[in-house]
Amino acid sequence: MNRGRWAVLSLIVLAALAAVPAAAQPAVRIGVILPLSGPLAPTGQELRRGYELMVDIVNNVHPELAALGLEVAGWEGIPSLGGAKIELVFADSRGDPAIGADMARRLIMEENVVGLTGAYQSGVTQTVATVAERMGVPLVNSDSSSPTLTMLGYQWFWRVTPHDRIFDDDLFNLLDGLVAGQAPGVGPVPKESLSRLAIVAENTEFGVASGDDIRNRLAPERGYDVVDYIQYTSNSPDLTSETTRLVNSGADAYLFVSYVSDAILFMRTLKLLGASPTLIWGQDAGFTNPDFVDAIGPDLHGVLTRSLFISKIGQVKPIAAAINELYRERHGKDLSEESARETLGVQVWAHALQRAGSTDPAALKEALDNLYIPGEQLITPWEGVQFGAGRPGEMNQNIHATGMIGQYQYNPDTGEVQLEIVYPFDFATADMVHPFPGWN
Amino acid sequence: MSVFLEVSIQGVLMGLTYALLALGLTVIFGVMDMVNFAHGEFLMIGMYAAYLTAAHVFPDPLVGVPVAGLIGLVLGALSYRLLVRRLLQGPTIAQIFGTFGLMLFLRYGALAVFGPNLRSAPGGLVVGQRLVLGGLVLDGAKVTAAAGSALLFALIYWFLQRTRVGLGLRATAAHREAARYMGVDTDAMNSIGWAIGGATAGMAGALLVNFYYVSPTVGMVFAMITFTTVALGGFGSVPGAFVAGIIVGVVEAVTAQYFSPQLKLAVIYLVFFLVVLLRPHGLLGAR
């Protein structure tokens with residue numbers, strides 16, 4: 001009887017042991033630093049949703065995505081690490097550089113993360129990068145656009161996303177492309193009709209950095225003439241005098257670096273003054289804000305804006321449509337610039353871990369330095385992800401990263417204003433409207 | 001038409017709008033010797049009143065002008081009755097922080113109720129209308145706001161000079177104690193002063209909605225320029241606010257055209273500084 005009991009017990013124990021997977025690997029922990037509270041909290045939450053989406057794709061099988069060529073969708077964890085899952089450990093920077101650095105230390109020393117990602121605001125990313133550099137832990141950034149971050153000689157910092165100078169380059173690639181007749185639906189445009197530029201920029205870091213880059217670097221390099229450079233104070237009660245000066249400058253193309261409130265006032269006043277430039281372009285920010293689109297409506301027809309990501313790319317890139325669809329199922333809306341860019345950060349981490357086959361920092365560094373993800377696997381229009389020097393003095397920047405330029409187009413039949421992709425030209429979702437049709 | 005003239009006319013239009021914003025503030029100061037820091041928020045609430053009227057009742061913010069005026073009137077009177085009257089029993093610093101608190105309460109209350117989005121009038125009789133006079137292109141909405149401003153100034157001036165209540169208000173402004181001994185109900189005068197302040201701010205807001213966006217923090221955008229206008233014209237002076245508004249508008253427009261848009265506020269404050277240095281009570285201020 002006693003023996004029998006032992007036998008039964010042993011069997012139960014054995015059965016229980018067998019039920020535990022033989023090779024359960026501990027999860028690989030990645031620390032994510034984001035502004036999850038404070039004024040940027042809504043953005044922080046949006047960024048977080050992007051991370052979580054791609055972690056789910058890596059950790060679980062998604063045959064529909066794998067069939068489209070997305071490698072990580074068929075992995076179910078990291079194969080070279082015995083199928084280990086990725087676990088994200090979120091930390092809140094509250095948008096403060098000092099707190100961001102503290103969080104980086106805490107994640108590395110107490111949470112045992114193998115690497116970091118984040119931290120959105122370039123100022124916070126910089127202090128986090130300093131900690132990563134000192135402690136020899138890789139930091140993969142997919143959401144900060146200050147050009148200096150990849151100019152500091154950091155060995156442990158890799159940036160997936162384009163920086164602001166690349167965005168400025170995109171604008172001039174578009175202008176040159178128009179002249180060369182590459183823009184969809186537009187024949188070659190005489191350069192004289194585009195060569196006189198006026199820059200209107202708000203007078204803090206965001207506006208001045210971009211305005212200066214256009215005036216001092218790109219315009220002379222590409223043979224354009226900046227006829228006026230208007231710096232103004234954001235949230236002014238009135239921008240009529242700035243707009244009058246802009247119209248009087250006689251420029252062909254108006255280039256705006258503005259927040260939403262100013263963008264609304266400028267567009268309204270330009271219409272009122274009957275301005276007729278050949279092109280209007282905005283540097284993201286105010287120009288992609290939904291309140292801007294609501295306020296100006298059909299009058300936006302023909303206005304261009306740069307953007308990191310426009311979900312319409314799904315029309316010309318099936319993998320982007322499929323990832324966007326998965327996101328839509330979960331959150332009831334399309335991927336935004338914020339959520340889209342963070343999917344790339346996780347993707348880079350997954351490939352780096354797979355390539356390294358280890359969580360050893362030196363092996364991860366080696367893997368990131370030599371990483372290549374082909375463009376077909378990305379939701380963005382890039383040729384791929386590969387780190388190097390995009391320009392002199394730079395390092396560990398994704399050399400294939402570009403932005404997009406969208407154009408608002410009004411469809412009188414549906415009464416809707418849609419943001420269509422016009423650059424990169426190969427990914428255009430509609431013919432470009434050029435020259436700017438004016439407001440009559 | 002010369003560019004200078006064109007720019008100056010644009011400046012006068014915006015200046016009349018600034019004057020209208022300053023009107024309510026200077027009336028309250030005149031009667032009570034008290035600065036209402038929540039004035040920009042009164043303006044914001046007037047803007048929401050007109051915007052919501054246009055969005056849900058009748059699609060023109062002009063219809064919202066009387067609505068916003070009425071809401072502003074009630075808001076001003078209630079602010080006095082429920083808050084300011086109590087603050088008067090405390091030290092001066094309590095009065096300053098009291099209306100400052102009211103400002104924060106209204107601003108962030110609006111943020112909680114309306115959300116952070118920027119909203120714009122869906123359309124209206126003067127929204128986006130071009131008025132072409134000779135070679136000059138004017139914004140119909142701004143011309144309307146400027147005309148409304150001139151009209152309200154005339155009305156308030158008449159009210160103060162020609163009515164019995166106006167006399168009471170002026171008496172209270174001149175010497176509170178003496179007025180009280182003469183039988184003026186100074187508490188009621190305070191209340192009326194705040195009601196006028198609220199009503200004019202509300203109507204100014206409604207006129208602004210024709211060409212400006214509405215957001216919970218929009219009061220901040222106009223607060224600084226309004227305080228400068230009141231101080232430049234002389235605290236408590238209604239004609240002073242009118243003249244100062246026009247000066248601020250023209251200086252702003254001319255500086256932006258001939259120097260740099262970045263300098264326009266600096267030049268306004270420089271003019272303000274010089275006037276205050278030479279005439280410490282402002283251009284038309286008493287004493």
# chains A, B, ... in the order shown; residues from 1 in each chain; ligands from 1
>>> select_by_dssp(residues="range 288-364 of chain A", states="helix (DSSP H, G or I)", output="NGL selection string")
:A and (288 or 290-300 or 311-315 or 318-331 or 337-356 or 361-364)
>>> residues_around(residues="Asp238 in chain A", least_positions_apart="3", cutoff="9 Å", atoms="only C-alpha atoms", output="PDB file with C-alpha atoms, in the first residue's frame")
ATOM      1  CA  ASN A 235       1.674  81.867 -30.252  1.00  0.00           C
ATOM      2  CA  SER A 241       2.663  91.426 -40.687  1.00  0.00           C
ATOM      3  CA  GLU A 242       4.790  88.286 -41.012  1.00  0.00           C
ATOM      4  CA  LEU A 265      -3.039  81.690 -38.796  1.00  0.00           C
TER       5      LEU A 265
ATOM      6  CA  MET B  14      -5.502  94.754 -35.000  1.00  0.00           C
TER       7      MET B  14
END
>>> interface_residues(of="chain A", to="chain B", cutoff="9 Å", atoms="only C-alpha atoms", output="PyMOL selection string")
chain A and resi 203+230-233+235-242+244-245+260-261+264-265+268-269+271-274+290-292+294-296
>>> residues_around(residues="Asp176 in chain A", least_positions_apart="3", cutoff="12 Å", atoms="only C-alpha atoms", output="PyMOL selection string")
chain A and resi 169-173+179-183+188-195+218-219+221-224+423+425
>>> closest_residue(among="A:Asp284, A:Asp369, A:Asp360, A:Glu110", to="Phe387 in chain A", atoms="only C-alpha atoms")
A:Asp369
>>> closest_residue(among="A:Ile280, A:Glu111, A:Glu202, A:Tyr372", to="Gln354 in chain A", atoms="only C-alpha atoms")
A:Tyr372
>>> atom_distance(atom1="CA of Leu284 in chain B", atom2="CA of Ile156 in chain B")
16.7 Å
>>> decode(residues="range 215-257 of chain A", atoms="N, CA and C atoms", output="PDB file, in the first residue's frame")
ATOM      1  N   ARG A 215      18.855  77.319 -44.970  1.00  0.00           N
ATOM      2  CA  ARG A 215      19.470  78.515 -45.546  1.00  0.00           C
ATOM      3  C   ARG A 215      20.991  78.365 -45.719  1.00  0.00           C
ATOM      4  N   ASN A 216      21.657  77.821 -44.689  1.00  0.00           N
ATOM      5  CA  ASN A 216      23.128  77.822 -44.718  1.00  0.00           C
ATOM      6  C   ASN A 216      23.734  76.628 -45.439  1.00  0.00           C
ATOM      7  N   ARG A 217      23.046  75.487 -45.412  1.00  0.00           N
ATOM      8  CA  ARG A 217      23.647  74.293 -45.994  1.00  0.00           C
ATOM      9  C   ARG A 217      22.979  73.912 -47.320  1.00  0.00           C
ATOM     10  N   LEU A 218      21.671  73.634 -47.243  1.00  0.00           N
ATOM     11  CA  LEU A 218      21.048  73.006 -48.414  1.00  0.00           C
ATOM     12  C   LEU A 218      20.832  73.944 -49.594  1.00  0.00           C
ATOM     13  N   ALA A 219      20.324  75.161 -49.304  1.00  0.00           N
ATOM     14  CA  ALA A 219      20.042  76.060 -50.426  1.00  0.00           C
ATOM     15  C   ALA A 219      21.293  76.352 -51.248  1.00  0.00           C
ATOM     16  N   PRO A 220      22.427  76.746 -50.609  1.00  0.00           N
ATOM     17  CA  PRO A 220      23.632  76.975 -51.420  1.00  0.00           C
ATOM     18  C   PRO A 220      24.124  75.707 -52.116  1.00  0.00           C
ATOM     19  N   GLU A 221      24.059  74.559 -51.396  1.00  0.00           N
ATOM     20  CA  GLU A 221      24.551  73.292 -51.951  1.00  0.00           C
ATOM     21  C   GLU A 221      23.793  72.893 -53.217  1.00  0.00           C
ATOM     22  N   ARG A 222      22.457  73.099 -53.178  1.00  0.00           N
ATOM     23  CA  ARG A 222      21.625  72.627 -54.292  1.00  0.00           C
ATOM     24  C   ARG A 222      21.275  73.741 -55.277  1.00  0.00           C
ATOM     25  N   GLY A 223      21.795  74.937 -55.054  1.00  0.00           N
ATOM     26  CA  GLY A 223      21.577  76.008 -56.022  1.00  0.00           C
ATOM     27  C   GLY A 223      20.215  76.681 -55.933  1.00  0.00           C
ATOM     28  N   TYR A 224      19.731  76.910 -54.719  1.00  0.00           N
ATOM     29  CA  TYR A 224      18.485  77.658 -54.535  1.00  0.00           C
ATOM     30  C   TYR A 224      18.812  78.958 -53.795  1.00  0.00           C
ATOM     31  N   ASP A 225      17.884  79.920 -53.924  1.00  0.00           N
ATOM     32  CA  ASP A 225      18.147  81.248 -53.392  1.00  0.00           C
ATOM     33  C   ASP A 225      17.136  81.547 -52.275  1.00  0.00           C
ATOM     34  N   VAL A 226      17.622  81.759 -51.064  1.00  0.00           N
ATOM     35  CA  VAL A 226      16.705  82.098 -49.968  1.00  0.00           C
ATOM     36  C   VAL A 226      16.484  83.607 -49.984  1.00  0.00           C
ATOM     37  N   VAL A 227      15.292  84.052 -50.419  1.00  0.00           N
ATOM     38  CA  VAL A 227      15.046  85.482 -50.569  1.00  0.00           C
ATOM     39  C   VAL A 227      14.571  86.140 -49.277  1.00  0.00           C
ATOM     40  N   ASP A 228      13.997  85.345 -48.354  1.00  0.00           N
ATOM     41  CA  ASP A 228      13.661  85.901 -47.043  1.00  0.00           C
ATOM     42  C   ASP A 228      13.643  84.773 -46.023  1.00  0.00           C
ATOM     43  N   TYR A 229      14.052  85.101 -44.813  1.00  0.00           N
ATOM     44  CA  TYR A 229      14.089  84.135 -43.721  1.00  0.00           C
ATOM     45  C   TYR A 229      13.405  84.818 -42.544  1.00  0.00           C
ATOM     46  N   ILE A 230      12.140  84.498 -42.343  1.00  0.00           N
ATOM     47  CA  ILE A 230      11.341  85.196 -41.338  1.00  0.00           C
ATOM     48  C   ILE A 230      11.264  84.347 -40.075  1.00  0.00           C
ATOM     49  N   GLN A 231      11.865  84.848 -39.007  1.00  0.00           N
ATOM     50  CA  GLN A 231      11.747  84.156 -37.727  1.00  0.00           C
ATOM     51  C   GLN A 231      10.687  84.890 -36.906  1.00  0.00           C
ATOM     52  N   TYR A 232       9.789  84.153 -36.322  1.00  0.00           N
ATOM     53  CA  TYR A 232       8.697  84.789 -35.581  1.00  0.00           C
ATOM     54  C   TYR A 232       8.503  84.083 -34.250  1.00  0.00           C
ATOM     55  N   THR A 233       7.780  84.751 -33.347  1.00  0.00           N
ATOM     56  CA  THR A 233       7.504  84.177 -32.036  1.00  0.00           C
ATOM     57  C   THR A 233       6.214  83.372 -32.091  1.00  0.00           C
ATOM     58  N   SER A 234       6.305  82.103 -31.707  1.00  0.00           N
ATOM     59  CA  SER A 234       5.130  81.235 -31.746  1.00  0.00           C
ATOM     60  C   SER A 234       4.064  81.745 -30.778  1.00  0.00           C
ATOM     61  N   ASN A 235       2.801  81.431 -31.072  1.00  0.00           N
ATOM     62  CA  ASN A 235       1.674  81.867 -30.252  1.00  0.00           C
ATOM     63  C   ASN A 235       1.545  83.375 -30.161  1.00  0.00           C
ATOM     64  N   SER A 236       1.897  84.081 -31.235  1.00  0.00           N
ATOM     65  CA  SER A 236       1.694  85.521 -31.273  1.00  0.00           C
ATOM     66  C   SER A 236       0.203  85.794 -31.472  1.00  0.00           C
ATOM     67  N   PRO A 237      -0.278  86.943 -30.946  1.00  0.00           N
ATOM     68  CA  PRO A 237      -1.690  87.255 -31.169  1.00  0.00           C
ATOM     69  C   PRO A 237      -1.990  87.480 -32.653  1.00  0.00           C
ATOM     70  N   ASP A 238      -1.014  87.933 -33.405  1.00  0.00           N
ATOM     71  CA  ASP A 238      -1.297  88.266 -34.800  1.00  0.00           C
ATOM     72  C   ASP A 238      -0.072  87.984 -35.666  1.00  0.00           C
ATOM     73  N   LEU A 239      -0.283  87.383 -36.829  1.00  0.00           N
ATOM     74  CA  LEU A 239       0.836  87.094 -37.731  1.00  0.00           C
ATOM     75  C   LEU A 239       0.620  87.743 -39.097  1.00  0.00           C
ATOM     76  N   THR A 240      -0.250  88.752 -39.145  1.00  0.00           N
ATOM     77  CA  THR A 240      -0.537  89.403 -40.422  1.00  0.00           C
ATOM     78  C   THR A 240       0.712  90.051 -41.004  1.00  0.00           C
ATOM     79  N   SER A 241       1.498  90.731 -40.148  1.00  0.00           N
ATOM     80  CA  SER A 241       2.663  91.426 -40.687  1.00  0.00           C
ATOM     81  C   SER A 241       3.701  90.442 -41.220  1.00  0.00           C
ATOM     82  N   GLU A 242       3.857  89.307 -40.531  1.00  0.00           N
ATOM     83  CA  GLU A 242       4.790  88.286 -41.012  1.00  0.00           C
ATOM     84  C   GLU A 242       4.326  87.757 -42.376  1.00  0.00           C
ATOM     85  N   THR A 243       3.013  87.519 -42.475  1.00  0.00           N
ATOM     86  CA  THR A 243       2.485  86.958 -43.718  1.00  0.00           C
ATOM     87  C   THR A 243       2.597  87.964 -44.859  1.00  0.00           C
ATOM     88  N   THR A 244       2.312  89.242 -44.551  1.00  0.00           N
ATOM     89  CA  THR A 244       2.431  90.280 -45.576  1.00  0.00           C
ATOM     90  C   THR A 244       3.861  90.329 -46.093  1.00  0.00           C
ATOM     91  N   ARG A 245       4.814  90.251 -45.148  1.00  0.00           N
ATOM     92  CA  ARG A 245       6.212  90.286 -45.554  1.00  0.00           C
ATOM     93  C   ARG A 245       6.561  89.076 -46.423  1.00  0.00           C
ATOM     94  N   LEU A 246       6.026  87.946 -46.056  1.00  0.00           N
ATOM     95  CA  LEU A 246       6.272  86.724 -46.832  1.00  0.00           C
ATOM     96  C   LEU A 246       5.771  86.900 -48.271  1.00  0.00           C
ATOM     97  N   VAL A 247       4.554  87.408 -48.415  1.00  0.00           N
ATOM     98  CA  VAL A 247       3.983  87.579 -49.750  1.00  0.00           C
ATOM     99  C   VAL A 247       4.806  88.610 -50.539  1.00  0.00           C
ATOM    100  N   ASN A 248       5.192  89.687 -49.851  1.00  0.00           N
ATOM    101  CA  ASN A 248       5.987  90.724 -50.526  1.00  0.00           C
ATOM    102  C   ASN A 248       7.388  90.257 -50.918  1.00  0.00           C
ATOM    103  N   SER A 249       7.846  89.144 -50.322  1.00  0.00           N
ATOM    104  CA  SER A 249       9.196  88.654 -50.635  1.00  0.00           C
ATOM    105  C   SER A 249       9.269  88.156 -52.083  1.00  0.00           C
ATOM    106  N   GLY A 250       8.118  87.850 -52.672  1.00  0.00           N
ATOM    107  CA  GLY A 250       8.086  87.382 -54.055  1.00  0.00           C
ATOM    108  C   GLY A 250       8.669  85.984 -54.235  1.00  0.00           C
ATOM    109  N   ALA A 251       8.746  85.210 -53.146  1.00  0.00           N
ATOM    110  CA  ALA A 251       9.336  83.872 -53.241  1.00  0.00           C
ATOM    111  C   ALA A 251       8.432  82.934 -54.036  1.00  0.00           C
ATOM    112  N   ASP A 252       9.059  81.914 -54.648  1.00  0.00           N
ATOM    113  CA  ASP A 252       8.295  80.887 -55.362  1.00  0.00           C
ATOM    114  C   ASP A 252       7.742  79.858 -54.379  1.00  0.00           C
ATOM    115  N   ALA A 253       8.593  79.454 -53.434  1.00  0.00           N
ATOM    116  CA  ALA A 253       8.208  78.389 -52.505  1.00  0.00           C
ATOM    117  C   ALA A 253       8.251  78.916 -51.082  1.00  0.00           C
ATOM    118  N   TYR A 254       7.193  78.610 -50.318  1.00  0.00           N
ATOM    119  CA  TYR A 254       7.132  79.000 -48.906  1.00  0.00           C
ATOM    120  C   TYR A 254       7.436  77.757 -48.061  1.00  0.00           C
ATOM    121  N   LEU A 255       8.431  77.851 -47.189  1.00  0.00           N
ATOM    122  CA  LEU A 255       8.813  76.725 -46.343  1.00  0.00           C
ATOM    123  C   LEU A 255       8.545  77.092 -44.886  1.00  0.00           C
ATOM    124  N   PHE A 256       7.672  76.335 -44.219  1.00  0.00           N
ATOM    125  CA  PHE A 256       7.262  76.665 -42.857  1.00  0.00           C
ATOM    126  C   PHE A 256       7.810  75.683 -41.837  1.00  0.00           C
ATOM    127  N   VAL A 257       8.314  76.225 -40.725  1.00  0.00           N
ATOM    128  CA  VAL A 257       8.644  75.395 -39.572  1.00  0.00           C
ATOM    129  C   VAL A 257       7.827  75.974 -38.424  1.00  0.00           C
TER     130      VAL A 257
END
